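Reproduced below: upload-v3.txt, with compact mmCIF, C-alpha atoms.
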# COMPACT_ATOMS: atom_id res chain seq x y z
CA MET H 1 0.00 0.00 0.00
CA LYS H 2 1.17 3.50 -0.85
CA ALA H 3 -0.27 6.70 0.62
CA VAL H 4 -0.93 9.30 -2.07
CA SER H 5 -2.78 12.58 -2.53
CA VAL H 6 -6.22 12.49 -4.11
CA GLU H 7 -4.83 14.38 -7.16
CA GLU H 8 -2.10 11.78 -7.71
CA ALA H 9 -4.50 8.88 -7.32
CA VAL H 10 -7.02 10.16 -9.85
CA ALA H 11 -4.25 11.11 -12.31
CA MET H 12 -3.53 7.36 -12.58
CA ILE H 13 -7.03 6.68 -13.96
CA PRO H 14 -7.17 7.12 -17.74
CA ALA H 15 -10.25 8.46 -19.56
CA GLY H 16 -12.43 5.57 -20.65
CA ALA H 17 -11.35 3.34 -17.74
CA SER H 18 -13.61 0.74 -16.13
CA VAL H 19 -14.21 1.89 -12.57
CA MET H 20 -16.12 0.25 -9.73
CA VAL H 21 -17.37 2.61 -7.04
CA GLY H 22 -18.56 1.48 -3.63
CA GLY H 23 -21.67 2.90 -2.01
CA PHE H 24 -25.44 2.55 -1.87
CA MET H 25 -27.37 5.70 -2.76
CA GLY H 26 -24.19 7.64 -2.04
CA VAL H 27 -23.71 6.14 1.43
CA GLY H 28 -20.23 4.63 1.79
CA THR H 29 -18.97 6.34 -1.35
CA PRO H 30 -15.48 7.87 -1.75
CA GLU H 31 -16.73 11.42 -2.34
CA ARG H 32 -13.27 13.01 -2.48
CA LEU H 33 -12.20 10.71 -5.30
CA LEU H 34 -15.39 11.47 -7.23
CA ASP H 35 -14.92 15.24 -6.76
CA GLU H 36 -11.40 14.87 -8.14
CA MET H 37 -12.63 12.73 -11.07
CA VAL H 38 -14.90 15.62 -11.99
CA ARG H 39 -12.13 18.22 -11.53
CA GLN H 40 -9.79 16.21 -13.79
CA GLN H 41 -12.68 15.55 -16.24
CA LYS H 42 -12.16 11.79 -16.54
CA SER H 43 -14.65 11.13 -19.32
CA GLY H 44 -15.93 8.07 -21.16
CA LEU H 45 -16.02 6.03 -17.97
CA SER H 46 -17.37 2.53 -17.79
CA LEU H 47 -18.94 2.79 -14.35
CA ILE H 48 -19.90 -0.18 -12.18
CA CYS H 49 -21.93 0.95 -9.19
CA ASN H 50 -25.10 -0.27 -7.48
CA ASP H 51 -27.08 2.86 -8.36
CA ALA H 52 -26.69 6.34 -9.82
CA ALA H 53 -27.29 8.01 -6.40
CA ILE H 54 -28.88 11.46 -6.77
CA PRO H 55 -27.59 14.58 -8.55
CA GLY H 56 -24.83 16.24 -6.53
CA LYS H 57 -24.14 13.21 -4.35
CA GLY H 58 -21.82 10.22 -4.76
CA VAL H 59 -21.56 8.93 -8.33
CA GLY H 60 -24.41 11.33 -9.15
CA LYS H 61 -21.63 13.91 -9.64
CA LEU H 62 -20.21 11.87 -12.53
CA PHE H 63 -23.59 12.06 -14.30
CA ASP H 64 -23.88 15.79 -13.53
CA ALA H 65 -20.56 16.24 -15.39
CA ALA H 66 -21.56 13.76 -18.17
CA LEU H 67 -18.44 11.65 -17.62
CA VAL H 68 -20.10 8.21 -17.87
CA SER H 69 -20.52 6.39 -21.18
CA GLN H 70 -21.38 2.91 -19.86
CA LEU H 71 -23.11 1.96 -16.64
CA THR H 72 -23.65 -1.39 -14.97
CA ALA H 73 -26.09 -0.89 -12.07
CA THR H 74 -29.16 -2.29 -10.34
CA HIS H 75 -31.29 0.85 -9.94
CA ILE H 76 -31.03 4.36 -11.38
CA GLY H 77 -34.60 5.54 -10.76
CA LEU H 78 -33.69 8.19 -8.18
CA ASN H 79 -31.32 10.09 -10.49
CA PRO H 80 -33.30 11.94 -13.20
CA LYS H 81 -30.07 13.00 -14.94
CA ALA H 82 -28.89 9.41 -15.33
CA GLN H 83 -32.39 8.49 -16.58
CA GLN H 84 -32.31 11.30 -19.16
CA GLN H 85 -28.84 10.31 -20.35
CA MET H 86 -29.98 6.70 -20.69
CA LEU H 87 -33.17 7.57 -22.59
CA ALA H 88 -31.15 9.90 -24.88
CA SER H 89 -28.70 7.02 -25.52
CA GLN H 90 -25.79 9.10 -24.17
CA ILE H 91 -24.99 6.24 -21.83
CA LYS H 92 -25.36 2.53 -22.38
CA VAL H 93 -26.96 1.00 -19.29
CA ASP H 94 -26.91 -2.62 -18.23
CA LEU H 95 -29.44 -3.16 -15.41
CA VAL H 96 -28.68 -6.18 -13.23
CA PRO H 97 -30.59 -7.64 -10.25
CA GLN H 98 -28.80 -6.52 -7.09
CA GLY H 99 -28.00 -10.00 -5.79
CA THR H 100 -26.62 -10.95 -9.20
CA PHE H 101 -24.64 -7.71 -9.42
CA VAL H 102 -22.81 -8.32 -6.15
CA GLU H 103 -22.21 -12.02 -6.86
CA ARG H 104 -20.75 -11.23 -10.31
CA ILE H 105 -18.32 -8.81 -8.67
CA ARG H 106 -17.54 -11.31 -5.93
CA ALA H 107 -16.85 -13.92 -8.63
CA GLY H 108 -14.56 -11.45 -10.40
CA GLY H 109 -12.59 -10.96 -7.21
CA CYS H 110 -12.43 -14.62 -6.27
CA GLY H 111 -11.18 -16.14 -9.50
CA LEU H 112 -14.53 -17.59 -10.57
CA GLY H 113 -15.84 -17.42 -14.12
CA GLY H 114 -19.32 -16.58 -12.90
CA VAL H 115 -22.19 -17.81 -10.76
CA LEU H 116 -25.41 -19.77 -11.21
CA THR H 117 -28.44 -17.93 -9.87
CA PRO H 118 -32.20 -18.60 -9.99
CA THR H 119 -32.83 -14.84 -10.05
CA GLY H 120 -34.06 -13.68 -13.46
CA VAL H 121 -35.05 -17.08 -14.86
CA GLY H 122 -38.12 -16.57 -17.07
CA THR H 123 -37.71 -12.76 -17.20
CA LEU H 124 -36.11 -10.21 -19.54
CA VAL H 125 -32.88 -10.67 -17.56
CA ALA H 126 -32.52 -14.20 -18.97
CA GLU H 127 -32.31 -13.01 -22.58
CA GLY H 128 -29.08 -14.07 -24.26
CA LYS H 129 -27.87 -16.01 -21.22
CA ARG H 130 -27.20 -19.70 -20.78
CA GLN H 131 -29.73 -21.48 -18.59
CA ILE H 132 -28.33 -24.46 -16.71
CA GLU H 133 -30.27 -27.07 -14.81
CA VAL H 134 -28.84 -28.41 -11.55
CA ASP H 135 -30.79 -31.09 -9.66
CA GLY H 136 -33.91 -30.21 -11.62
CA LYS H 137 -33.76 -26.49 -10.84
CA ALA H 138 -33.13 -23.77 -13.46
CA PHE H 139 -30.30 -21.28 -13.02
CA LEU H 140 -28.83 -18.50 -15.16
CA LEU H 141 -25.11 -18.43 -15.82
CA GLU H 142 -24.04 -14.92 -14.84
CA THR H 143 -20.46 -14.06 -15.72
CA ALA H 144 -17.87 -12.40 -13.47
CA ILE H 145 -17.27 -8.64 -13.40
CA HIS H 146 -13.77 -7.23 -12.99
CA ALA H 147 -12.60 -3.64 -13.40
CA GLN H 148 -9.39 -1.69 -13.88
CA PHE H 149 -10.04 0.40 -10.78
CA ALA H 150 -12.08 0.06 -7.59
CA LEU H 151 -12.78 3.24 -5.61
CA VAL H 152 -13.54 2.18 -2.06
CA HIS H 153 -14.61 4.07 1.05
CA ALA H 154 -13.81 2.64 4.48
CA PHE H 155 -14.50 3.83 8.01
CA LEU H 156 -11.08 3.00 9.42
CA ALA H 157 -7.83 2.41 7.52
CA ASP H 158 -4.59 1.70 9.34
CA TYR H 159 -1.08 2.68 8.16
CA LEU H 160 -0.71 -0.71 6.42
CA GLY H 161 -4.05 -0.45 4.57
CA ASN H 162 -6.18 -2.80 6.66
CA LEU H 163 -9.79 -1.61 6.42
CA SER H 164 -12.98 -1.77 8.45
CA TYR H 165 -16.37 -0.34 7.61
CA ALA H 166 -19.29 1.27 9.45
CA LEU H 167 -23.00 0.39 9.52
CA THR H 168 -24.71 0.51 6.11
CA ALA H 169 -21.68 2.22 4.52
CA ARG H 170 -20.06 -1.19 4.09
CA ASN H 171 -22.36 -2.44 1.27
CA PHE H 172 -20.35 -3.17 -1.90
CA ASN H 173 -17.00 -1.79 -0.72
CA PRO H 174 -15.27 -4.95 0.57
CA ILE H 175 -16.52 -6.97 -2.42
CA MET H 176 -15.21 -4.41 -4.92
CA ALA H 177 -11.87 -4.21 -3.09
CA MET H 178 -11.29 -7.77 -4.34
CA ALA H 179 -12.32 -7.25 -7.96
CA ALA H 180 -10.11 -4.60 -9.58
CA ASP H 181 -6.53 -4.33 -10.86
CA THR H 182 -5.94 -1.22 -8.77
CA VAL H 183 -7.74 -0.47 -5.50
CA ILE H 184 -7.85 3.14 -4.28
CA VAL H 185 -9.25 3.83 -0.81
CA THR H 186 -10.49 6.81 1.16
CA ALA H 187 -11.26 6.44 4.86
CA GLU H 188 -13.13 8.47 7.46
CA HIS H 189 -10.22 7.92 9.85
CA ILE H 190 -6.62 6.79 9.31
CA VAL H 191 -5.34 5.10 12.45
CA PRO H 192 -2.13 3.45 13.73
CA VAL H 193 -1.53 -0.21 13.03
CA GLY H 194 -3.17 -2.25 15.78
CA VAL H 195 -6.17 0.00 16.31
CA ILE H 196 -8.22 -2.29 14.06
CA ALA H 197 -8.09 -5.65 15.84
CA PRO H 198 -7.37 -8.63 13.55
CA ASP H 199 -10.91 -9.93 14.08
CA HIS H 200 -12.33 -6.60 12.92
CA VAL H 201 -10.30 -6.23 9.72
CA VAL H 202 -12.73 -6.74 6.84
CA THR H 203 -10.41 -5.93 3.92
CA PRO H 204 -6.83 -7.08 4.59
CA ALA H 205 -4.02 -4.65 3.72
CA PRO H 206 -2.50 -6.54 0.74
CA LEU H 207 -5.70 -5.84 -1.25
CA VAL H 208 -5.22 -2.07 -0.99
CA ASP H 209 -2.91 -0.38 -3.53
CA TYR H 210 -3.38 3.29 -2.65
CA LEU H 211 -4.72 5.04 0.43
CA ILE H 212 -5.67 8.70 0.07
CA ALA H 213 -4.06 10.78 2.78
CA ASN H 214 -6.55 12.71 4.91
CA GLY H 215 -6.48 16.46 5.51
CA MET D 1 -59.90 4.00 6.72
CA ASP D 2 -57.17 5.14 4.33
CA PRO D 3 -56.64 2.40 1.66
CA GLN D 4 -52.89 2.24 2.36
CA ILE D 5 -53.50 1.78 6.09
CA ILE D 6 -55.97 -1.08 5.43
CA ILE D 7 -53.27 -2.81 3.39
CA ALA D 8 -50.46 -2.18 5.90
CA ARG D 9 -52.55 -3.33 8.89
CA ARG D 10 -53.66 -6.51 7.15
CA VAL D 11 -50.13 -7.41 6.01
CA ALA D 12 -48.84 -6.85 9.56
CA LYS D 13 -51.12 -9.72 10.69
CA GLU D 14 -49.01 -12.12 8.59
CA LEU D 15 -45.83 -11.53 10.60
CA ARG D 16 -44.83 -13.99 13.32
CA SER D 17 -42.39 -13.70 16.19
CA GLY D 18 -38.85 -14.56 15.06
CA ASN D 19 -39.52 -13.81 11.38
CA LEU D 20 -36.85 -12.13 9.28
CA VAL D 21 -38.81 -9.70 7.11
CA ASN D 22 -37.86 -7.43 4.22
CA LEU D 23 -40.17 -4.49 3.49
CA GLY D 24 -40.04 -2.75 0.12
CA ILE D 25 -40.47 0.95 -0.56
CA GLY D 26 -43.94 2.55 -0.46
CA ILE D 27 -46.95 0.85 1.18
CA PRO D 28 -44.78 -2.09 2.43
CA THR D 29 -42.70 0.31 4.56
CA LEU D 30 -45.88 1.27 6.47
CA VAL D 31 -46.32 -2.33 7.68
CA ALA D 32 -43.70 -1.84 10.42
CA ASN D 33 -45.98 0.78 12.05
CA TYR D 34 -48.66 -1.86 12.76
CA VAL D 35 -46.60 -4.70 14.22
CA PRO D 36 -47.56 -5.26 17.88
CA SER D 37 -44.70 -4.30 20.20
CA ASP D 38 -44.62 -7.75 21.86
CA LEU D 39 -43.89 -9.43 18.53
CA LYS D 40 -40.13 -9.85 18.00
CA VAL D 41 -39.74 -9.37 14.25
CA PHE D 42 -36.37 -8.75 12.59
CA PHE D 43 -36.56 -6.26 9.73
CA GLN D 44 -33.86 -6.38 7.08
CA SER D 45 -32.77 -3.44 4.98
CA GLU D 46 -31.05 -4.89 1.92
CA ASN D 47 -28.28 -2.30 1.96
CA GLY D 48 -26.82 -4.27 4.86
CA LEU D 49 -28.77 -4.27 8.12
CA ILE D 50 -30.95 -6.55 10.22
CA GLY D 51 -32.70 -4.74 13.05
CA THR D 52 -33.90 -1.53 11.42
CA GLY D 53 -35.51 0.90 13.82
CA PRO D 54 -37.66 4.00 13.42
CA ILE D 55 -36.61 7.18 11.65
CA PRO D 56 -34.30 9.01 14.07
CA GLU D 57 -35.37 12.21 15.76
CA GLN D 58 -34.30 15.53 14.30
CA GLY D 59 -30.53 15.92 14.70
CA MET D 60 -29.96 12.25 15.60
CA ALA D 61 -29.44 10.91 12.06
CA HIS D 62 -26.15 9.13 11.33
CA PRO D 63 -24.88 9.63 7.75
CA LEU D 64 -23.64 6.03 7.59
CA LEU D 65 -26.93 4.46 8.73
CA THR D 66 -29.61 4.59 6.07
CA ASP D 67 -32.34 2.51 4.45
CA ALA D 68 -32.25 1.20 0.88
CA GLY D 69 -33.58 4.53 -0.36
CA GLY D 70 -30.70 6.39 1.29
CA ARG D 71 -32.92 7.87 4.05
CA PRO D 72 -31.70 7.99 7.66
CA ILE D 73 -32.92 5.16 9.89
CA SER D 74 -31.95 3.83 13.29
CA ALA D 75 -30.77 0.40 14.43
CA LEU D 76 -32.37 -1.46 17.32
CA PRO D 77 -30.34 -3.10 20.11
CA GLY D 78 -29.20 -6.45 18.72
CA ALA D 79 -28.96 -5.16 15.16
CA ALA D 80 -26.36 -6.58 12.77
CA THR D 81 -24.67 -5.00 9.74
CA PHE D 82 -23.06 -6.78 6.80
CA ASP D 83 -21.99 -6.38 3.19
CA SER D 84 -24.20 -6.70 0.12
CA ALA D 85 -23.07 -10.26 -0.73
CA MET D 86 -24.24 -11.40 2.72
CA SER D 87 -27.42 -9.34 2.42
CA PHE D 88 -28.42 -10.99 -0.85
CA GLY D 89 -27.19 -14.36 0.33
CA LEU D 90 -29.82 -14.01 3.07
CA ILE D 91 -32.43 -13.08 0.47
CA ARG D 92 -31.66 -15.56 -2.28
CA GLY D 93 -30.70 -18.31 0.13
CA GLY D 94 -34.17 -18.60 1.63
CA HIS D 95 -33.24 -17.07 5.01
CA VAL D 96 -35.75 -14.24 4.69
CA ASP D 97 -39.12 -15.51 5.94
CA ILE D 98 -41.32 -12.85 4.38
CA THR D 99 -40.77 -10.19 1.76
CA VAL D 100 -43.44 -7.53 1.25
CA LEU D 101 -43.26 -5.70 -2.07
CA GLY D 102 -45.31 -3.27 -4.09
CA GLY D 103 -46.73 -4.32 -7.44
CA LEU D 104 -47.78 -2.97 -10.81
CA GLN D 105 -49.63 -6.16 -11.86
CA VAL D 106 -50.27 -9.61 -10.41
CA ASP D 107 -51.85 -12.17 -12.70
CA ALA D 108 -54.29 -15.07 -12.27
CA HIS D 109 -51.40 -17.45 -11.56
CA GLY D 110 -49.72 -15.18 -9.03
CA LEU D 111 -46.96 -13.91 -11.31
CA LEU D 112 -45.78 -10.41 -10.41
CA ALA D 113 -44.65 -7.47 -12.56
CA ASN D 114 -43.27 -4.60 -10.53
CA TRP D 115 -40.06 -3.23 -11.99
CA MET D 116 -40.59 -1.50 -15.31
CA ILE D 117 -43.06 0.01 -17.76
CA PRO D 118 -41.33 -0.26 -21.15
CA GLY D 119 -40.74 3.14 -22.73
CA LYS D 120 -42.02 4.98 -19.65
CA MET D 121 -40.35 3.93 -16.44
CA VAL D 122 -37.10 1.97 -16.44
CA PRO D 123 -35.60 2.56 -12.99
CA GLY D 124 -34.00 -0.88 -12.67
CA MET D 125 -35.07 -3.88 -10.61
CA GLY D 126 -32.82 -3.23 -7.63
CA GLY D 127 -33.35 -6.14 -5.23
CA ALA D 128 -36.90 -7.06 -6.32
CA MET D 129 -36.02 -10.02 -8.55
CA ASP D 130 -33.83 -11.62 -5.88
CA LEU D 131 -36.46 -11.07 -3.18
CA VAL D 132 -39.23 -12.70 -5.19
CA SER D 133 -37.01 -15.57 -6.29
CA GLY D 134 -35.54 -16.29 -2.88
CA ALA D 135 -37.74 -15.32 0.06
CA LYS D 136 -39.71 -18.10 1.75
CA ARG D 137 -42.97 -16.19 1.44
CA VAL D 138 -43.75 -13.34 -0.97
CA ILE D 139 -46.54 -10.89 -0.14
CA VAL D 140 -47.59 -8.15 -2.54
CA ALA D 141 -49.06 -5.04 -0.92
CA MET D 142 -50.75 -2.78 -3.44
CA GLN D 143 -53.93 -0.90 -4.32
CA HIS D 144 -56.49 -3.13 -6.02
CA ALA D 145 -56.84 -0.80 -8.98
CA ALA D 146 -54.96 2.20 -10.40
CA LYS D 147 -56.82 4.90 -12.34
CA GLY D 148 -59.84 2.61 -12.47
CA LYS D 149 -57.86 -0.27 -13.98
CA SER D 150 -57.51 -3.58 -12.18
CA LYS D 151 -53.97 -4.45 -11.07
CA ILE D 152 -55.04 -8.07 -10.65
CA VAL D 153 -54.93 -9.08 -14.31
CA ALA D 154 -55.61 -12.23 -16.31
CA LYS D 155 -52.03 -12.20 -17.62
CA CYS D 156 -49.26 -9.69 -16.90
CA THR D 157 -48.63 -7.37 -19.85
CA LEU D 158 -45.62 -5.76 -18.12
CA PRO D 159 -42.25 -7.57 -17.81
CA LEU D 160 -42.26 -10.16 -15.03
CA THR D 161 -40.19 -9.82 -11.87
CA SER D 162 -39.80 -13.58 -11.45
CA SER D 163 -41.15 -16.86 -12.78
CA ARG D 164 -41.93 -17.78 -9.16
CA PRO D 165 -45.54 -16.94 -8.21
CA VAL D 166 -46.23 -14.81 -5.14
CA ASP D 167 -47.98 -16.30 -2.11
CA LEU D 168 -50.41 -13.59 -1.10
CA VAL D 169 -51.76 -10.31 -2.44
CA VAL D 170 -53.19 -7.80 0.01
CA THR D 171 -55.09 -4.84 -1.43
CA ASP D 172 -57.42 -2.17 -0.08
CA MET D 173 -60.36 -4.40 -1.19
CA ALA D 174 -59.29 -7.99 -0.73
CA VAL D 175 -56.81 -10.68 0.23
CA ILE D 176 -56.04 -13.03 -2.64
CA GLY D 177 -54.13 -16.30 -2.46
CA PHE D 178 -53.14 -18.88 -5.07
CA PRO D 179 -54.01 -22.37 -3.82
CA ASP D 180 -53.33 -24.87 -6.64
CA GLY D 181 -52.00 -21.99 -8.73
CA LYS D 182 -55.39 -20.31 -9.10
CA ALA D 183 -56.26 -16.80 -7.89
CA THR D 184 -58.71 -17.18 -5.02
CA LEU D 185 -60.56 -14.56 -3.00
CA LEU D 186 -59.68 -15.25 0.64
CA GLU D 187 -60.97 -12.13 2.42
CA THR D 188 -62.70 -8.85 1.66
CA ALA D 189 -61.96 -5.47 3.23
CA PRO D 190 -64.42 -4.10 5.80
CA GLY D 191 -67.42 -2.66 3.98
CA THR D 192 -66.50 -4.21 0.62
CA SER D 193 -68.73 -6.94 -0.84
CA ILE D 194 -67.60 -9.94 -2.85
CA GLY D 195 -69.51 -8.54 -5.81
CA GLU D 196 -67.65 -5.22 -5.59
CA VAL D 197 -64.30 -7.03 -5.59
CA LEU D 198 -65.22 -9.20 -8.56
CA ALA D 199 -66.52 -6.17 -10.49
CA VAL D 200 -63.15 -4.40 -10.40
CA THR D 201 -60.93 -7.48 -10.79
CA GLU D 202 -59.82 -8.38 -14.31
CA ALA D 203 -58.50 -11.83 -13.37
CA GLU D 204 -60.98 -14.59 -12.76
CA LEU D 205 -61.17 -15.21 -9.00
CA ALA D 206 -62.24 -18.45 -7.39
CA VAL D 207 -64.72 -17.68 -4.58
CA PRO D 208 -64.89 -20.23 -1.76
CA ASP D 209 -68.15 -20.80 0.13
CA SER D 210 -66.91 -18.72 2.99
CA VAL D 211 -65.04 -15.44 2.41
CA PRO D 212 -64.52 -13.70 5.76
CA GLU D 213 -63.95 -10.00 6.26
CA MET D 214 -60.36 -8.90 6.96
CA LYS D 215 -59.59 -8.64 10.67
CA LEU D 216 -57.64 -5.45 11.18
Written form, structure tokens:
Amino acid sequence: MKAVSVEEAVAMIPAGASVMVGGFMGVGTPERLLDEMVRQQKSGLSLICNDAAIPGKGVGKLFDAALVSQLTATHIGLNPKAQQQMLASQIKVDLVPQGTFVERIRAGGCGLGGVLTPTGVGTLVAEGKRQIEVDGKAFLLETAIHAQFALVHAFLADYLGNLSYALTARNFNPIMAMAADTVIVTAEHIVPVGVIAPDHVVTPAPLVDYLIANG
Amino acid sequence: MDPQIIIARRVAKELRSGNLVNLGIGIPTLVANYVPSDLKVFFQSENGLIGTGPIPEQGMAHPLLTDAGGRPISALPGAATFDSAMSFGLIRGGHVDITVLGGLQVDAHGLLANWMIPGKMVPGMGGAMDLVSGAKRVIVAMQHAAKGKSKIVAKCTLPLTSSRPVDLVVTDMAVIGFPDGKATLLETAPGTSIGEVLAVTEAELAVPDSVPEMKL
């Protein structure tokens, strides 16, 4: 793990990159990284995030600045700007059931080719997918998702990069921290090694590439 | 009584002590207001919490403690938080006893459509497809009709949420179940006759000899 400034971290992300962003309706989202993405105008992004948040919050800022060209998400109904951009074909949107979304990312981070899920069988979601029967039950083959970058927000990070999370701000963050080539983390608090007890570390330090210095 | 309150109060009667319950947005959220205080029900919020509590008082909200719509909530003593893989493992894995969702249409076989209106409203399915596929019991809480049109239809014209039929539909006029895969009128709302229900229901409903009034 290397500690860097938010400017340095975002400078590493090229335009058009695939980027996973943690958070659920903007809760548990690395806001400082997103603000810097907007400042550096990282356009053409292939964004992987549960939702589009709301304008002015979380990944909503990326839609405000029209930086997204592809979106994989589960729900974008609370962001009118993302809806408009989808209906105007400015962004290509792949809507995925939430349980499938998180399992595809988990598969991507765990070296699996995909997962078999009953969710979506017999619906529009099944179109173009392989259906596989196991013990007489139908499942869809849903392939793994991996990204070039994961932008993760933790509650505590120690000087080594061990992470823990708080309340409902955990959501997709620890799953995404497994599933990208480069993992960049912001934290509410950066604390000395040992403050996060081994039993309370959720994301172990070797998974973290860059930690954004606070202040 | 307000139609939404009839629905919420009737659905609340389905909850049992020890149940793990997921409430969707809209009318389903109201159900929590009518659960007797001596009933120990665990409410899940799919963004990563079991043990959701009431909306916090002014000034007591915690920015990292929200419901699936991003609104501040509280956590009860004994609450547990977890990541989204765990949350949907609970849902898909059959650990959630009851899910209560809103609906756009439910058809004569109990199939539900509740996530999009092609060309008009494409918000995304969020957790709905997993909840209907995986929960032990699926209850739809919705108005019986919208703009004079029955929401209990012969066959869904909107895209389905799941190929798994729901277990119970509770509306402001009736309770409908699906024994042997056939829509059946189980109860009527106070002051609503069987004839009135049948008149505004597009789907064919089986009517047993005895159809009691909802106990609220």
**Study point:** Spatial neighbours of stretch 155-164 of chain D, max dist 6 Å, only C-alpha atoms, sep filter under 5 positions, as a PyMOL selection string
**Key:** (chain H and resi 122-123) or (chain D and resi 107+112-113+129)
Write a file of the just-selected residues containing C-alpha atoms, as a tab-separated table (two decimals), in the frame of the given file.
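out02.tsv was written with the following content:
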chain	number	residue	atom	x	y	z
H	122	GLY	CA	-38.12	-16.57	-17.07
H	123	THR	CA	-37.71	-12.76	-17.20
D	107	ASP	CA	-51.85	-12.17	-12.70
D	112	LEU	CA	-45.78	-10.41	-10.41
D	113	ALA	CA	-44.65	-7.47	-12.56
D	129	MET	CA	-36.02	-10.02	-8.55
Practice item. Can you pull out every residue within 10 Å of D:Ala8, counting all atoms listed in the file, but drop anything in the same chain fewer than 6 positions away, and send it as an NGL selection string? Key: :D and (27-35 or 100 or 141-142 or 170-172 or 216)
Practice item. Up to 6 Å from (-31.5, -9.9, -14.6) in the file's coordinates: name the residues, counting only C-alpha atoms, as a list in words. Key: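 Counting only C-alpha atoms, I find these residues within 6 Å of (-31.5, -9.9, -14.6): Val96, Pro97, Gly120 and Val125 of chain H.
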Tell me, counting all atoms listed in the file, for each residue of chain D within 10 Å of chain H, which pair of atoms is nearest and how far apart they are in Å to one decimal, in rows ordered by chain and increasing number, as a tab-separated table.
residue	atom	partner	partner_atom	distance
D:Ser45	CA	H:Thr168	CA	9.0
D:Glu46	CA	H:Asn171	CA	9.1
D:Asn47	CA	H:Asn171	CA	6.0
D:Gly48	CA	H:Thr168	CA	5.4
D:Leu49	CA	H:Thr168	CA	6.6
D:His62	CA	H:Leu167	CA	9.5
D:Pro63	CA	H:Val27	CA	7.3
D:Leu64	CA	H:Ala169	CA	5.3
D:Leu65	CA	H:Thr168	CA	5.2
D:Thr66	CA	H:Thr168	CA	6.4
D:Asp67	CA	H:Thr168	CA	8.1
D:Ala68	CA	H:Phe24	CA	7.5
D:Gly69	CA	H:Met25	CA	6.8
D:Gly70	CA	H:Met25	CA	5.3
D:Arg71	CA	H:Met25	CA	9.0
D:Ala75	CA	H:Leu167	CA	9.2
D:Ala79	CA	H:Leu167	CA	9.9
D:Ala80	CA	H:Leu167	CA	8.4
D:Thr81	CA	H:Leu167	CA	5.6
D:Phe82	CA	H:Arg170	CA	6.9
D:Asp83	CA	H:Asn171	CA	4.4
D:Ser84	CA	H:Asn171	CA	4.8
D:Ala85	CA	H:Val102	CA	5.8
D:Met86	CA	H:Asn171	CA	9.3
D:Ser87	CA	H:Gly99	CA	8.3
D:Phe88	CA	H:Gly99	CA	5.1
D:Gly89	CA	H:Gly99	CA	7.6
D:Leu90	CA	H:Gly99	CA	9.9
D:Ile91	CA	H:Gly99	CA	8.3
D:Arg92	CA	H:Gly99	CA	7.5
D:Ala113	CA	H:Thr123	CA	9.9
D:Trp115	CA	H:His75	CA	9.9
D:Gly119	CA	H:Leu87	CA	8.8
D:Lys120	CA	H:Leu87	CA	9.7
D:Met121	CA	H:Gly77	CA	8.2
D:Val122	CA	H:Gly77	CA	7.2
D:Pro123	CA	H:Gly77	CA	3.9
D:Gly124	CA	H:His75	CA	4.2
D:Met125	CA	H:Pro97	CA	5.9
D:Gly126	CA	H:Thr74	CA	4.7
D:Gly127	CA	H:Gln98	CA	4.9
D:Ala128	CA	H:Pro97	CA	7.5
D:Met129	CA	H:Thr119	CA	6.0
D:Asp130	CA	H:Thr119	CA	5.4
D:Leu131	CA	H:Thr119	CA	8.6
D:Val132	CA	H:Thr119	CA	8.3
D:Ser133	CA	H:Thr119	CA	5.7
D:Gly134	CA	H:Thr119	CA	7.8
D:Pro159	CA	H:Leu124	CA	6.9
D:Leu160	CA	H:Thr123	CA	5.7
D:Thr161	CA	H:Thr123	CA	6.6
D:Ser162	CA	H:Gly120	CA	6.1
D:Ser163	CA	H:Gly122	CA	5.3
D:Arg164	CA	H:Gly122	CA	8.9
**Study point:** Two-atom distance - atom CA of H:Ala65, atom CA of H:Asn214 (Å)
**Key:** 24.9 Å
Point to revise | Surrounding residues of stretch 43-49 of chain H excluding itself and chain neighbours under 4 positions, 7 Å, only C-alpha atoms, as number ranges by chain | key: H: 15-22, 67-73
Written selection (C-alpha atoms) as a PDB file, in the coordinates of the input:
ATOM      1  CA  ALA H  15     -10.250   8.460 -19.560  1.00  0.00           C
ATOM      2  CA  GLY H  16     -12.430   5.570 -20.650  1.00  0.00           C
ATOM      3  CA  ALA H  17     -11.350   3.340 -17.740  1.00  0.00           C
ATOM      4  CA  SER H  18     -13.610   0.740 -16.130  1.00  0.00           C
ATOM      5  CA  VAL H  19     -14.210   1.890 -12.570  1.00  0.00           C
ATOM      6  CA  MET H  20     -16.120   0.250  -9.730  1.00  0.00           C
ATOM      7  CA  VAL H  21     -17.370   2.610  -7.040  1.00  0.00           C
ATOM      8  CA  GLY H  22     -18.560   1.480  -3.630  1.00  0.00           C
ATOM      9  CA  LEU H  67     -18.440  11.650 -17.620  1.00  0.00           C
ATOM     10  CA  VAL H  68     -20.100   8.210 -17.870  1.00  0.00           C
ATOM     11  CA  SER H  69     -20.520   6.390 -21.180  1.00  0.00           C
ATOM     12  CA  GLN H  70     -21.380   2.910 -19.860  1.00  0.00           C
ATOM     13  CA  LEU H  71     -23.110   1.960 -16.640  1.00  0.00           C
ATOM     14  CA  THR H  72     -23.650  -1.390 -14.970  1.00  0.00           C
ATOM     15  CA  ALA H  73     -26.090  -0.890 -12.070  1.00  0.00           C
TER      16      ALA H  73
END
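Distances from H:Ser5, H:Gln41, H:Gln131, H:Thr203 to H:Ala177 were compared using all atoms listed in the file, and the smallest one belongs to H:Thr203.
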Check your understanding: Contacts of H:Lys61 at 8 Å or less, counting all atoms listed in the file, minus same-chain residues fewer than 4 places along, as a VMD selection string?
Key -> chain H and resid 34 to 35 38 55 to 57 65
